[in-house]
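What follows is the content of protein28.cif, which has mmCIF, C-alpha atoms:
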data_coords
#
loop_
_atom_site.label_atom_id
_atom_site.label_comp_id
_atom_site.auth_asym_id
_atom_site.auth_seq_id
_atom_site.Cartn_x
_atom_site.Cartn_y
_atom_site.Cartn_z
CA MET A 1 80.35 72.21 102.14
CA SER A 2 80.54 73.38 98.53
CA GLU A 3 82.88 75.43 96.41
CA ARG A 4 82.14 78.06 93.81
CA GLN A 5 84.60 79.20 91.14
CA LEU A 6 84.52 82.90 90.19
CA ILE A 7 86.52 85.34 88.11
CA CYS A 8 87.00 88.50 90.14
CA ILE A 9 85.87 91.80 88.63
CA GLY A 10 87.04 93.90 91.59
CA CYS A 11 90.17 95.08 89.78
CA PRO A 12 91.86 94.61 86.37
CA LEU A 13 93.77 91.45 87.43
CA GLY A 14 90.77 89.13 87.01
CA CYS A 15 91.89 86.60 89.63
CA MET A 16 90.45 83.08 89.62
CA LEU A 17 88.68 82.80 92.97
CA THR A 18 87.42 79.82 94.89
CA ALA A 19 84.77 80.50 97.51
CA THR A 20 84.03 77.81 100.09
CA LEU A 21 80.43 77.82 101.35
CA GLU A 22 78.91 76.08 104.34
CA ASN A 23 75.15 76.37 104.86
CA GLY A 24 74.99 79.36 102.49
CA VAL A 25 77.77 81.25 104.28
CA VAL A 26 81.15 81.94 102.68
CA THR A 27 83.76 80.55 105.05
CA ALA A 28 86.87 81.06 102.90
CA VAL A 29 88.02 82.74 99.70
CA THR A 30 91.25 81.77 97.95
CA GLY A 31 92.99 82.94 94.78
CA ASN A 32 92.56 86.66 95.39
CA THR A 33 95.59 88.95 95.27
CA CYS A 34 93.83 91.89 96.96
CA ARG A 35 91.09 92.41 99.54
CA ARG A 36 88.63 93.42 96.81
CA GLY A 37 88.64 89.83 95.59
CA ASP A 38 87.59 88.54 98.98
CA GLU A 39 84.84 91.17 99.24
CA TYR A 40 83.61 90.45 95.70
CA ALA A 41 83.41 86.67 96.22
CA ARG A 42 81.54 86.97 99.51
CA LYS A 43 78.99 89.37 98.06
CA GLU A 44 78.60 87.49 94.76
CA CYS A 45 77.91 84.22 96.58
CA THR A 46 75.43 85.61 99.10
CA ALA A 47 73.76 88.73 97.63
CA PRO A 48 74.75 89.33 93.98
CA GLU A 49 74.00 92.75 92.51
CA ARG A 50 74.35 94.32 89.07
CA THR A 51 74.44 97.83 87.63
CA VAL A 52 71.98 97.82 84.73
CA THR A 53 72.30 99.79 81.50
CA GLY A 54 69.90 100.08 78.59
CA THR A 55 67.71 102.50 76.68
CA VAL A 56 64.32 104.14 77.21
CA ARG A 57 62.02 105.52 74.50
CA VAL A 58 61.83 109.31 74.07
CA THR A 59 58.89 111.16 72.51
CA GLY A 60 59.26 114.54 70.84
CA GLY A 61 63.03 114.36 70.78
CA THR A 62 65.87 114.46 68.29
CA ALA A 63 66.57 110.78 69.07
CA PRO A 64 64.10 107.93 69.55
CA VAL A 65 65.81 106.60 72.70
CA VAL A 66 68.06 107.75 75.52
CA SER A 67 70.72 105.60 77.20
CA VAL A 68 70.16 104.91 80.88
CA ARG A 69 71.79 103.20 83.86
CA THR A 70 70.93 102.48 87.45
CA SER A 71 72.43 104.87 90.00
CA SER A 72 73.62 101.90 92.06
CA PRO A 73 73.58 98.13 91.69
CA ILE A 74 70.27 96.30 92.15
CA PRO A 75 69.72 92.70 93.26
CA LYS A 76 70.56 90.33 90.41
CA GLU A 77 67.13 88.67 90.60
CA LYS A 78 65.49 92.00 89.67
CA VAL A 79 67.53 92.63 86.49
CA MET A 80 65.08 91.02 84.04
CA GLU A 81 62.12 92.76 85.68
CA LEU A 82 63.93 96.09 85.28
CA ALA A 83 64.65 95.28 81.62
CA ARG A 84 60.90 94.76 81.06
CA LEU A 85 60.15 98.04 82.85
CA MET A 86 62.66 99.93 80.68
CA GLY A 87 60.97 98.45 77.60
CA GLN A 88 57.63 99.91 78.70
CA LEU A 89 58.93 103.28 79.92
CA GLN A 90 58.60 106.34 77.71
CA VAL A 91 59.82 109.86 78.57
CA GLN A 92 59.23 113.25 77.01
CA ALA A 93 62.11 115.32 75.57
CA PRO A 94 64.11 117.21 76.61
CA VAL A 95 66.21 114.77 78.60
CA ARG A 96 69.46 115.87 80.24
CA PRO A 97 72.34 113.69 81.43
CA GLY A 98 71.71 112.73 85.04
CA ASP A 99 67.92 113.20 84.88
CA VAL A 100 66.11 110.70 87.11
CA LEU A 101 63.72 108.92 84.76
CA ALA A 102 62.40 106.53 87.43
CA ALA A 103 63.08 106.87 91.16
CA GLY A 104 63.53 103.90 93.46
CA VAL A 105 63.09 101.29 90.73
CA LEU A 106 61.41 98.05 91.80
CA GLY A 107 61.45 99.04 95.45
CA THR A 108 65.21 99.53 95.58
CA GLU A 109 67.16 102.65 96.49
CA SER A 110 68.48 102.83 92.93
CA ASP A 111 67.20 105.39 90.42
CA LEU A 112 67.16 105.03 86.63
CA LEU A 113 69.33 107.84 85.26
CA ALA A 114 69.75 109.26 81.76
CA THR A 115 73.38 109.00 80.69
CA CYS A 116 73.14 111.43 77.78
CA GLY A 117 70.85 114.15 76.55
CA VAL A 118 68.06 114.30 73.97
CA ALA A 119 66.91 117.72 72.79
CA VAL A 120 63.38 118.65 71.75
CA LYS A 121 62.73 118.10 68.05
#
Is it possible to express this structure as structure tokens?
Amino acid sequence: MSERQLICIGCPLGCMLTATLENGVVTAVTGNTCRRGDEYARKECTAPERTVTGTVRVTGGTAPVVSVRTSSPIPKEKVMELARLMGQLQVQAPVRPGDVLAAGVLGTESDLLATCGVAVK
């Protein structure tokens, strides 16, 4: 049996959580004041995910880069690989908010979306 200390990000309260794990399974969560804390701790201890934001290069546009984010969280272990991919990716202007710049990144169901627009130069 082991314990893991977490700060909940499920709501603005930021509760101090303690998750008890046995053989890689969360058996108890304490310190949460709402059900979101319990859900967050269980997921964070067994299958952590992150929404990723960053920038991608734009050619022929009024700005050299466009801000991007994943459409849904991806497994935490793929975050650095996605950062490298975003560093290599280059798109052509125009770019509109919501454009899918890369579909199903790294074999996930998450797309890389533009969060703002870049007009043609």
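Evaluated against this file, the PyMOL selection byres ((chain A and resi 110) around 12) yields A:Glu49, A:Arg50, A:Thr51, A:Val52, A:Arg69, A:Thr70, A:Ser71, A:Ser72, A:Pro73, A:Ile74, A:Pro75, A:Lys78, A:Leu82, A:Val100, A:Leu101, A:Ala102, A:Ala103, A:Gly104, A:Val105, A:Leu106, A:Gly107, A:Thr108, A:Glu109, A:Asp111, A:Leu112, A:Leu113.
Comparing A:Val68, A:Ala41, A:Val56, A:Ala114 by their smallest distance to Ala19 in chain A, the closest is A:Ala41 (using all atoms listed in the file).
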Which residues would end up in the selection if the PyMOL selection byres ((chain A and resi 14-18) around 6) were applied here, given that I need the answer as an mmCIF file with C-alpha atoms, in the coordinates of the input?
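Result written to result-v1.cif:
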data_model
loop_
_atom_site.group_PDB
_atom_site.id
_atom_site.type_symbol
_atom_site.label_atom_id
_atom_site.label_comp_id
_atom_site.auth_asym_id
_atom_site.auth_seq_id
_atom_site.Cartn_x
_atom_site.Cartn_y
_atom_site.Cartn_z
ATOM 1 C CA ARG A 4 82.140 78.060 93.810
ATOM 2 C CA GLN A 5 84.600 79.200 91.140
ATOM 3 C CA LEU A 6 84.520 82.900 90.190
ATOM 4 C CA ILE A 7 86.520 85.340 88.110
ATOM 5 C CA CYS A 8 87.000 88.500 90.140
ATOM 6 C CA ILE A 9 85.870 91.800 88.630
ATOM 7 C CA PRO A 12 91.860 94.610 86.370
ATOM 8 C CA LEU A 13 93.770 91.450 87.430
ATOM 9 C CA ALA A 19 84.770 80.500 97.510
ATOM 10 C CA VAL A 29 88.020 82.740 99.700
ATOM 11 C CA THR A 30 91.250 81.770 97.950
ATOM 12 C CA GLY A 31 92.990 82.940 94.780
ATOM 13 C CA ASN A 32 92.560 86.660 95.390
#
>> Quick check on the file I pasted: which residues fall under the PyMOL selection byres ((chain A and resi 116-121) around 9)? Write them as a count of residues only.
In response: 21
> In Å, how far is it from CA of Glu22 in chain A to CA of Gly37 in chain A?
Replying inline: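 According to the coordinates, CA of Glu22 in chain A and CA of Gly37 in chain A are separated by 19.0 Å.
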>> Residues proximal to (72.9, 85.5, 86.5) were defined as those with any atom within 10 Å of that point in the file's coordinates, counting all atoms listed in the file. Which are they, as a list of chain:residue names?
In response: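 I get A:Pro48, A:Glu49, A:Arg50, A:Lys76, A:Glu77, A:Val79, A:Met80 for the residues within 10 Å of that point.
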>> Counting all atoms listed in the file, which residue out of A:Glu44, A:Glu81, A:Asp38, A:Glu3 sits closest to Leu21 in chain A?
In response: A:Glu3
> How many Å lie between CA of Lys43 in chain A and CA of Val25 in chain A, rounded to one decimal?
Replying inline: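 Answer for the CA of Lys43 in chain A to CA of Val25 in chain A separation: 10.3 Å.
The spacing separating CA of Thr27 in chain A from CA of Ala47 in chain A amounts to 14.9 Å.
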Kindly output range 11-22 of chain A as an mmCIF file, in the frame of the given file, after building all heavy atoms.
data_model
loop_
_atom_site.group_PDB
_atom_site.id
_atom_site.type_symbol
_atom_site.label_atom_id
_atom_site.label_comp_id
_atom_site.auth_asym_id
_atom_site.auth_seq_id
_atom_site.Cartn_x
_atom_site.Cartn_y
_atom_site.Cartn_z
ATOM 1 N N CYS A 11 89.070 94.284 90.315
ATOM 2 C CA CYS A 11 90.170 95.080 89.780
ATOM 3 C C CYS A 11 90.591 94.483 88.437
ATOM 4 O O CYS A 11 90.093 93.422 88.058
ATOM 5 C CB CYS A 11 91.338 95.138 90.773
ATOM 6 S SG CYS A 11 92.359 93.654 90.849
ATOM 7 N N PRO A 12 91.489 95.101 87.708
ATOM 8 C CA PRO A 12 91.860 94.610 86.370
ATOM 9 C C PRO A 12 92.580 93.255 86.325
ATOM 10 O O PRO A 12 92.711 92.671 85.256
ATOM 11 C CB PRO A 12 92.787 95.704 85.831
ATOM 12 C CG PRO A 12 92.465 96.921 86.618
ATOM 13 C CD PRO A 12 92.061 96.427 87.970
ATOM 14 N N LEU A 13 93.023 92.708 87.456
ATOM 15 C CA LEU A 13 93.770 91.450 87.430
ATOM 16 C C LEU A 13 92.921 90.245 87.040
ATOM 17 O O LEU A 13 93.426 89.291 86.458
ATOM 18 C CB LEU A 13 94.440 91.194 88.784
ATOM 19 C CG LEU A 13 95.565 92.155 89.159
ATOM 20 C CD1 LEU A 13 96.086 91.831 90.553
ATOM 21 C CD2 LEU A 13 96.678 92.097 88.145
ATOM 22 N N GLY A 14 91.637 90.243 87.379
ATOM 23 C CA GLY A 14 90.770 89.130 87.010
ATOM 24 C C GLY A 14 91.175 87.817 87.637
ATOM 25 O O GLY A 14 91.241 86.787 86.965
ATOM 26 N N CYS A 15 91.438 87.804 88.925
ATOM 27 C CA CYS A 15 91.890 86.600 89.630
ATOM 28 C C CYS A 15 90.840 85.492 89.582
ATOM 29 O O CYS A 15 89.634 85.751 89.612
ATOM 30 C CB CYS A 15 92.175 86.928 91.092
ATOM 31 S SG CYS A 15 93.514 88.117 91.335
ATOM 32 N N MET A 16 91.316 84.260 89.522
ATOM 33 C CA MET A 16 90.450 83.080 89.620
ATOM 34 C C MET A 16 90.235 82.803 91.101
ATOM 35 O O MET A 16 91.176 82.482 91.822
ATOM 36 C CB MET A 16 91.107 81.877 88.946
ATOM 37 C CG MET A 16 91.261 82.028 87.441
ATOM 38 S SD MET A 16 89.695 82.161 86.560
ATOM 39 C CE MET A 16 88.953 80.600 86.922
ATOM 40 N N LEU A 17 89.000 82.956 91.559
ATOM 41 C CA LEU A 17 88.680 82.800 92.970
ATOM 42 C C LEU A 17 87.963 81.488 93.228
ATOM 43 O O LEU A 17 87.215 81.010 92.382
ATOM 44 C CB LEU A 17 87.772 83.935 93.443
ATOM 45 C CG LEU A 17 88.209 85.368 93.159
ATOM 46 C CD1 LEU A 17 87.128 86.344 93.606
ATOM 47 C CD2 LEU A 17 89.520 85.659 93.868
ATOM 48 N N THR A 18 88.176 80.959 94.410
ATOM 49 C CA THR A 18 87.420 79.820 94.890
ATOM 50 C C THR A 18 86.799 80.220 96.220
ATOM 51 O O THR A 18 87.518 80.586 97.153
ATOM 52 C CB THR A 18 88.307 78.572 95.080
ATOM 53 O OG1 THR A 18 88.907 78.238 93.826
ATOM 54 C CG2 THR A 18 87.502 77.385 95.578
ATOM 55 N N ALA A 19 85.483 80.180 96.279
ATOM 56 C CA ALA A 19 84.770 80.500 97.510
ATOM 57 C C ALA A 19 84.244 79.194 98.101
ATOM 58 O O ALA A 19 83.614 78.399 97.409
ATOM 59 C CB ALA A 19 83.617 81.448 97.234
ATOM 60 N N THR A 20 84.517 78.985 99.374
ATOM 61 C CA THR A 20 84.030 77.810 100.090
ATOM 62 C C THR A 20 82.796 78.228 100.877
ATOM 63 O O THR A 20 82.842 79.199 101.632
ATOM 64 C CB THR A 20 85.104 77.255 101.027
ATOM 65 O OG1 THR A 20 86.286 76.982 100.265
ATOM 66 C CG2 THR A 20 84.634 75.984 101.715
ATOM 67 N N LEU A 21 81.695 77.500 100.683
ATOM 68 C CA LEU A 21 80.430 77.820 101.350
ATOM 69 C C LEU A 21 80.001 76.671 102.255
ATOM 70 O O LEU A 21 80.119 75.498 101.880
ATOM 71 C CB LEU A 21 79.329 78.072 100.323
ATOM 72 C CG LEU A 21 79.494 79.318 99.465
ATOM 73 C CD1 LEU A 21 80.089 78.987 98.129
ATOM 74 C CD2 LEU A 21 78.155 79.984 99.312
ATOM 75 N N GLU A 22 79.496 77.046 103.419
ATOM 76 C CA GLU A 22 78.910 76.080 104.340
ATOM 77 C C GLU A 22 77.579 76.652 104.798
ATOM 78 O O GLU A 22 77.535 77.745 105.354
ATOM 79 C CB GLU A 22 79.831 75.844 105.538
ATOM 80 C CG GLU A 22 81.095 75.089 105.178
ATOM 81 C CD GLU A 22 81.948 74.764 106.388
ATOM 82 O OE1 GLU A 22 81.397 74.576 107.485
ATOM 83 O OE2 GLU A 22 83.180 74.704 106.216
#
